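Written out below as structure tokens is the structure these notes cover.
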There are 2 protein chains.
Amino acid sequence: MNGLTLKHLRYFDALAQHSHFGRAAESCGISQPALSVQIKELETMLGSPLVERGARVVRLTGLGEAFLERAKQILVQAAELNDLARSAKGALAGQLRLGVIPTVAPYFLPQIMAALSERMPGLELQPRESVTSSLILDLLESKLDAAIVALPISEPSLQEFVLFDEDFLLVRPMSEAHLPVPNARMLQEMRLLLLEEGHCFRDQALSFCNVASSRPRYLMEGSSLSTLVQMVGAGMGLTLIPEMAIPLETRMARVSIARFEPEAPSRRIGMVWRKTNPLATKLMEVGAIVRRVGERKQDPGYSDQNGR
Amino acid sequence: MNGLTLKHLRYFDALAQHSHFGRAAESCGISQPALSVQIKELETMLGSPLVERGARVVRLTGLGEAFLERAKQILVQAAELNDLARSAKGALAGQLRLGVIPTVAPYFLPQIMAALSERMPGLELQPRESVTSSLILDLLESKLDAAIVALPISEPSLQEFVLFDEDFLLVRPMSEAHLPVPNARMLQEMRLLLLEEGHCFRDQALSFCNVASSRPRYLMEGSSLSTLVQMVGAGMGLTLIPEMAIPLETRMARVSIARFEPEAPSRRIGMVWRKTNPLATKLMEVGAIVRRVGERKQDPGYSDQNGR
DNA sequence: TAAAAATACTCCATAGGTATTTTAT
DNA sequence: ATAAAATACCTATGGAGTATTTTTA
């Protein structure tokens with residue numbers, strides 16, 4: 001009598017996500033009629049419709065919303081079952097889907113991959129770069145195993161593992177190198193170049209400047225730290241970048257770096273994963289290795305392959 | 001790549017429960033080879049065995065245990081999805097699987113069924129009588145929707161809904177009706193007839209008598225309150241019964257009833273259900289109706305169909 | 001050697017495809 | 001009029017049955 005299938009849930013989840021039978025079907029790798037039939041079957045089992053069919057819109061009913069929420073939980077748990085076997089085996093093998101935020105990835109990911117391939121040879125790292133909000137969503141839906149982001153996340157279902165803290169440094173045109181380092185108040189009056197919305201680094205920088213409104217007068221936006229530094233070099237303003245970005249980003253640019261004293265702004269970088277992930281203990285080991293990489297980077301005597 | 005099915009989980013759950021491919025298959029309504037194939041498929045997907053096959057024994061591996069735990073969770077949640085639709089509809093309709101402990105069922109269930117069929121006509125009550133431990137297990141595995149038991153249960157995942165408190169009364173042979181009512185200390189020296197192990201009412205009575213050991217000197221056991229009262233009538237000792245059992249059990253018996261003063265032992269009867277059950281709000285309504293029945297029963301002016 | 005699980009094969013139910021119709025804006 | 005979902009019909013995969021062999025205590 002219980003004809004419910006995980007397939008039903010996957011299809012319904014896809015339908016809810018796309019709000020469109022055709023695209024949802026495509027995302028499942030099946031044809032639109034096949035998906036229609038499965039959804040209808042699900043509704044028949046339940047005795048109530050899950051979606052309202054408009055001519056151009058598909059919307060979830062109230063029941064559909066409630067159903068979706070629970071269905072997602074089940075799908076996540078089912079996905080975790082797959083990881084269970086891997087976690088039972090000694091070394092963490094197979095692929096590890098790791099998300100990394102854009103203001104960390106280019107400066108840290110190469111070293112992470114090098115360290116992991118040495119210390120955990122069986123591991124196949126599948127990195128994905130995106131902003132925090134997107135990474136967290138994927139994490140919660142079990143589309144990622146772990147993510148490296150700025151802490152805190154404060155999501156109760158996620159485990160946070162601190163990797164390291166790092167300061168933000170001031171990047172100015174060479175021509176201003178002789179000027180005193182401005183403080184937070186002064187920064188508010190200057191032409192500050194920051195990342196576009198969605199990047200946590202942007203918010204952290206703004207919060208240092210005590211900027212309440214999200215768009216102060218002299219704010220310009222770039223889509224990568226590299227772009228920002230280039231713009232600074234061209235005399236268009238100044239910016240902040242995290243310390244780990246210095247070697248790579250300032251090598252070719254005609255800019256001057258200054259440290260804020262005595263209170264430098266900073267961020268805490270950490271790794272997060274679902275607490276219920278069966279790989280949790282293995283992920284802790286991964287975290288320890290990654291942390292080691294971070295410590296080496298911060299050691300002033302250390303010189304990585306990015307030179308400097 | 002994710003060929004996992006709820007069917008796999010159901011079959012594996014059955015196998016774990018029966019530790020026997022043949023019987024597990026039977027309980028699933030399929031043949032033994034069919035189950036073997038599915039289990040093997042599951043193990044192949046995971047890459048590790050879930051069970052150790054002995055010639056006469058099937059035991060779960062470590063991975064199997066871990067897998068089972070998570071699989072059960074998923075199965076419960078999947079079962080709850082079915083209830084979701086019903087809860088969305090206005091009145092609670094369809095069948096409601098209600099467990100009741102043996103020391104409540106015969107005295108309370110008829111009135112409950114009468115009240116519910118009047119107040120919730122669409123509801124088809126499927127009662128099941130068993131001891132508390134068994135009811136709670138079934139509840140947690142979603143094989144019951146709710147249960148009427150003695151509180152507290154103190155299981156975090158269960159919602160407790162208090163129905164009423166009721167006293168325990170002393171049942172003596174008619175010949176002893178003139179004697180003073182014994183207190184708890186005195187009871188320890190008397191020939192006390194109680195239910196066999198597993199019944200919560202037995203434990204509650206023992207705890208009133210401050211009996212530490214589970215089998216005091218003068219203890220005899222019966223399998224139903226009715227039997228106990230008959231034995232008391234035959235002069236074999238005395239017993240305690242809950243107040244609601246009085247009308248039915250003492251009608252035909254030559255026994256005398258006495259109330260303990262001033263501190264009568266008592267029990268709290270309540271209804272419990274899984275907090276995550278989508279029917280939770282509806283179950284609260286059911287609880288309210290059942291509570292009303294309990295209140296009417298306790299009203300001295302009330303006379304139910306059991307006479308008295 | 002005997003009970004139990006695995007294997008071999010056969011079959012049919014059903015998930016899914018293609019072609020088409022119906023629906024709603 | 002048109003995009004989108006439902007329906008009709010057909011095909012093929014795989015779940016489940018029976019018969020049999022293999023395993024192990």
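Starting from 1 in every chain, residues are counted up; chains themselves are A, B, ... following the order of the structure tokens, and ligands are numbered from 1 as listed.
Overlay of chain B onto chain A (least squares, all Cα atoms, paired in order); RMSD 0.1 Å.
Look at region 149-154 of chain B: the protein and nucleic acid residues within 10 Å of it, using only C-alpha atoms (C1' of nucleotides) and passing over chain neighbours fewer than 5 places away, are Gly99, Val100, Ile101, Pro102, Thr103, Val104, Ala105, Ser130, Val131, Thr132, Ser133, Leu135, Ile136, Gln159, Glu160, Phe161, Val162, Leu163, Phe164, Asp165, Cys200, Phe201, Gln204, Arg267, Arg268, Ile269, Gly270, Met271 and Val272 of chain B.
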Rows by chain and residue number, chain D within 12 Å of chain A, shortest pair, only C-alpha atoms (C1' of nucleotides), as a tab-separated table:
residue	atom	partner	partner_atom	distance
D:DT2	C1'	A:Ala55	CA	10.4
D:DA3	C1'	A:Arg56	CA	7.1
D:DA4	C1'	A:Ala55	CA	6.4
D:DA5	C1'	A:Ser36	CA	7.5
D:DA6	C1'	A:Ser36	CA	7.6
D:DT7	C1'	A:Pro33	CA	9.0
D:DA8	C1'	A:Pro33	CA	11.1
* To do: Give me, as a ChimeraX atom specification, the contact residues of chain B against chain A at a cut-off of 10 Å, counting only C-alpha atoms.
  => /B:2-7,9,43,45-50,62-64,66-68,70-71,73-89,278
Would you save the residues from that selection as a compact mmCIF listing (two decimals), in the first residue's frame, using N, CA and C atoms?
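Result file follows (part.txt):
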# COMPACT_ATOMS: atom_id res chain seq x y z
N ASN B 2 22.59 7.06 -8.18
CA ASN B 2 21.98 6.82 -6.88
C ASN B 2 20.79 5.89 -7.03
N GLY B 3 21.08 4.61 -7.08
CA GLY B 3 20.03 3.64 -7.28
C GLY B 3 19.32 3.24 -6.00
N LEU B 4 19.61 3.96 -4.94
CA LEU B 4 19.00 3.61 -3.66
C LEU B 4 17.48 3.77 -3.72
N THR B 5 16.78 2.82 -3.13
CA THR B 5 15.33 2.81 -3.12
C THR B 5 14.83 2.63 -1.69
N LEU B 6 13.65 3.15 -1.44
CA LEU B 6 13.05 2.89 -0.13
C LEU B 6 12.84 1.39 0.05
N LYS B 7 12.60 0.71 -1.05
CA LYS B 7 12.42 -0.73 -0.98
C LYS B 7 13.65 -1.39 -0.36
N LEU B 9 15.64 -0.15 1.71
CA LEU B 9 15.68 0.13 3.14
C LEU B 9 14.65 -0.72 3.88
N GLU B 43 24.33 -3.93 -0.92
CA GLU B 43 25.73 -4.06 -0.50
C GLU B 43 26.67 -3.69 -1.64
N MET B 45 26.07 -1.57 -4.01
CA MET B 45 26.06 -0.10 -4.14
C MET B 45 26.98 0.52 -3.11
N LEU B 46 26.92 0.01 -1.89
CA LEU B 46 27.72 0.60 -0.82
C LEU B 46 29.18 0.18 -0.92
N GLY B 47 29.41 -0.98 -1.51
CA GLY B 47 30.78 -1.44 -1.63
C GLY B 47 31.26 -2.23 -0.43
N SER B 48 30.39 -2.45 0.53
CA SER B 48 30.76 -3.22 1.72
C SER B 48 29.57 -4.06 2.16
N PRO B 49 29.84 -5.19 2.78
CA PRO B 49 28.72 -6.03 3.26
C PRO B 49 28.02 -5.39 4.45
N LEU B 50 26.72 -5.60 4.52
CA LEU B 50 25.92 -5.10 5.64
C LEU B 50 25.65 -6.20 6.65
N GLY B 62 29.25 -3.97 11.48
CA GLY B 62 29.26 -2.64 12.08
C GLY B 62 28.60 -1.64 11.16
N LEU B 63 28.98 -1.72 9.91
CA LEU B 63 28.36 -0.84 8.93
C LEU B 63 26.86 -1.07 8.89
N GLY B 64 26.47 -2.33 8.96
CA GLY B 64 25.05 -2.67 8.93
C GLY B 64 24.30 -1.99 10.05
N ALA B 66 25.08 0.76 11.69
CA ALA B 66 25.00 2.20 11.43
C ALA B 66 23.99 2.48 10.33
N PHE B 67 24.03 1.64 9.33
CA PHE B 67 23.11 1.81 8.21
C PHE B 67 21.67 1.66 8.68
N LEU B 68 21.45 0.65 9.50
CA LEU B 68 20.10 0.37 9.98
C LEU B 68 19.51 1.57 10.71
N ARG B 70 20.14 4.74 10.47
CA ARG B 70 19.75 5.81 9.56
C ARG B 70 18.58 5.39 8.68
N ALA B 71 18.61 4.15 8.25
CA ALA B 71 17.54 3.67 7.37
C ALA B 71 16.20 3.76 8.09
N GLN B 73 15.28 5.79 10.44
CA GLN B 73 14.86 7.20 10.46
C GLN B 73 14.17 7.57 9.16
N ILE B 74 14.80 7.18 8.07
CA ILE B 74 14.24 7.54 6.77
C ILE B 74 12.88 6.89 6.58
N LEU B 75 12.77 5.65 6.98
CA LEU B 75 11.50 4.95 6.80
C LEU B 75 10.39 5.62 7.63
N VAL B 76 10.74 6.02 8.82
CA VAL B 76 9.73 6.70 9.65
C VAL B 76 9.28 7.99 8.96
N GLN B 77 10.26 8.74 8.48
CA GLN B 77 9.91 10.01 7.84
C GLN B 77 9.09 9.80 6.58
N ALA B 78 9.43 8.74 5.87
CA ALA B 78 8.66 8.44 4.66
C ALA B 78 7.23 8.08 5.03
N ALA B 79 7.10 7.32 6.11
CA ALA B 79 5.75 6.96 6.55
C ALA B 79 4.98 8.22 6.94
N GLU B 80 5.69 9.15 7.55
CA GLU B 80 5.01 10.38 7.97
C GLU B 80 4.53 11.20 6.78
N LEU B 81 5.24 11.09 5.69
CA LEU B 81 4.81 11.82 4.49
C LEU B 81 3.39 11.42 4.10
N ASN B 82 3.08 10.16 4.31
CA ASN B 82 1.73 9.72 3.97
C ASN B 82 0.66 10.41 4.81
N ASP B 83 1.02 10.66 6.06
CA ASP B 83 0.05 11.29 6.94
C ASP B 83 -0.13 12.77 6.62
N LEU B 84 0.85 13.31 5.93
CA LEU B 84 0.86 14.74 5.71
C LEU B 84 -0.40 15.20 5.00
N ALA B 85 -0.78 14.47 3.98
CA ALA B 85 -1.95 14.85 3.20
C ALA B 85 -3.20 14.84 4.07
N ARG B 86 -3.31 13.82 4.89
CA ARG B 86 -4.49 13.74 5.75
C ARG B 86 -4.56 14.93 6.69
N SER B 87 -3.41 15.31 7.20
CA SER B 87 -3.41 16.41 8.17
C SER B 87 -3.81 17.71 7.50
N ALA B 88 -3.55 17.81 6.21
CA ALA B 88 -3.89 19.03 5.50
C ALA B 88 -5.40 19.16 5.32
N LYS B 89 -6.04 18.04 5.14
CA LYS B 89 -7.49 18.07 5.02
C LYS B 89 -8.08 18.52 6.35
N PRO B 278 2.99 14.48 11.27
CA PRO B 278 2.24 15.59 10.68
C PRO B 278 0.82 15.68 11.24
* **Spatial neighbours of region 14-17 of chain C, 12 Å, only C-alpha atoms (C1' of nucleotides), chain gap at least 4 places, as an NGL selection string** => (:A and (5 or 7-8 or 25 or 29-38 or 41)) or (:D and (9-15))
* Enumerate as an MDAnalysis selection string all residues of region 72-293 of chain B assigned to alpha helix (DSSP H) by DSSP on the backbone, naming them with the chain letters and numbers the document uses. => chainID B and resid 72:88 105:119 132:140 184:188 200:208 225:233 246:249 280:293
* Which polymer residues have any atom within 9 Å of an atom of His18 (chain B), counting only C-alpha atoms (C1' of nucleotides), with same-chain residues fewer than 5 positions away left out, as an MDAnalysis selection string? -> chainID B and resid 13 23:24 27 58
Could the residues in this selection be written to a file with N, CA and C atoms, as a short mmCIF file (atom, residue, chain, number, x, y, z; two decimals), in the first residue's frame?
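Saved file out26.cif follows:
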data_model
loop_
_atom_site.label_atom_id
_atom_site.label_comp_id
_atom_site.auth_asym_id
_atom_site.auth_seq_id
_atom_site.Cartn_x
_atom_site.Cartn_y
_atom_site.Cartn_z
N ASP B 13 15.66 -3.38 6.65
CA ASP B 13 15.09 -3.23 7.99
C ASP B 13 14.47 -4.56 8.42
N ARG B 23 12.51 -15.54 6.71
CA ARG B 23 11.42 -14.93 7.48
C ARG B 23 11.26 -13.46 7.15
N ALA B 24 12.41 -12.77 6.94
CA ALA B 24 12.34 -11.36 6.56
C ALA B 24 11.59 -11.21 5.25
N SER B 27 7.97 -11.60 5.76
CA SER B 27 7.35 -10.43 6.38
C SER B 27 7.17 -9.30 5.37
N VAL B 58 22.34 -14.87 10.83
CA VAL B 58 22.65 -13.66 10.07
C VAL B 58 22.89 -12.55 11.08
#
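Pairwise distance (CA of Glu26 (chain B), CA of Ala14 (chain B)) equals 9.4 Å.
Residue nearest Arg296 (chain B) within the list B:Gln111, B:Ser19, B:Gln188, B:Thr44: B:Gln111 [criterion: smallest interatomic distance, only C-alpha atoms].
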Once you count only C-alpha atoms (C1' of nucleotides), what closest atom pair and distance in Å to one decimal does each residue of chain C within 9 Å of chain B have, with rows by chain and rising residue number, as JSON lines?
{"residue": "C:DA3", "atom": "C1'", "partner": "B:Arg56", "partner_atom": "CA", "distance": 7.0}
{"residue": "C:DA4", "atom": "C1'", "partner": "B:Ala55", "partner_atom": "CA", "distance": 6.2}
{"residue": "C:DA5", "atom": "C1'", "partner": "B:Ser36", "partner_atom": "CA", "distance": 7.4}
{"residue": "C:DA6", "atom": "C1'", "partner": "B:Ser36", "partner_atom": "CA", "distance": 7.6}
Output of the above residues as a short mmCIF file (atom, residue, chain, number, x, y, z; two decimals), in the first residue's frame, restricted to C-alpha atoms (C1' of nucleotides):
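Below you can see part.cif, which holds the result:
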data_model
loop_
_atom_site.label_atom_id
_atom_site.label_comp_id
_atom_site.auth_asym_id
_atom_site.auth_seq_id
_atom_site.Cartn_x
_atom_site.Cartn_y
_atom_site.Cartn_z
"C1'" DA C 3 19.06 -25.58 6.98
"C1'" DA C 4 19.75 -21.40 4.79
"C1'" DA C 5 21.43 -18.24 1.39
"C1'" DA C 6 22.96 -17.65 -3.42
#
* **Residues near region 284-289 of chain A, cut-off 8 Å, only C-alpha atoms (C1' of nucleotides), skip fewer than 3 positions along chain, as an MDAnalysis selection string** => chainID A and resid 115:116 119 161 163 271 280:281 292:293
* Write out as a ChimeraX atom specification all residues of region 81-215 of chain A that DSSP puts in strand (DSSP E or B) for this structure's backbone. => /A:94-100,123-129,146-151,158-173,192-195
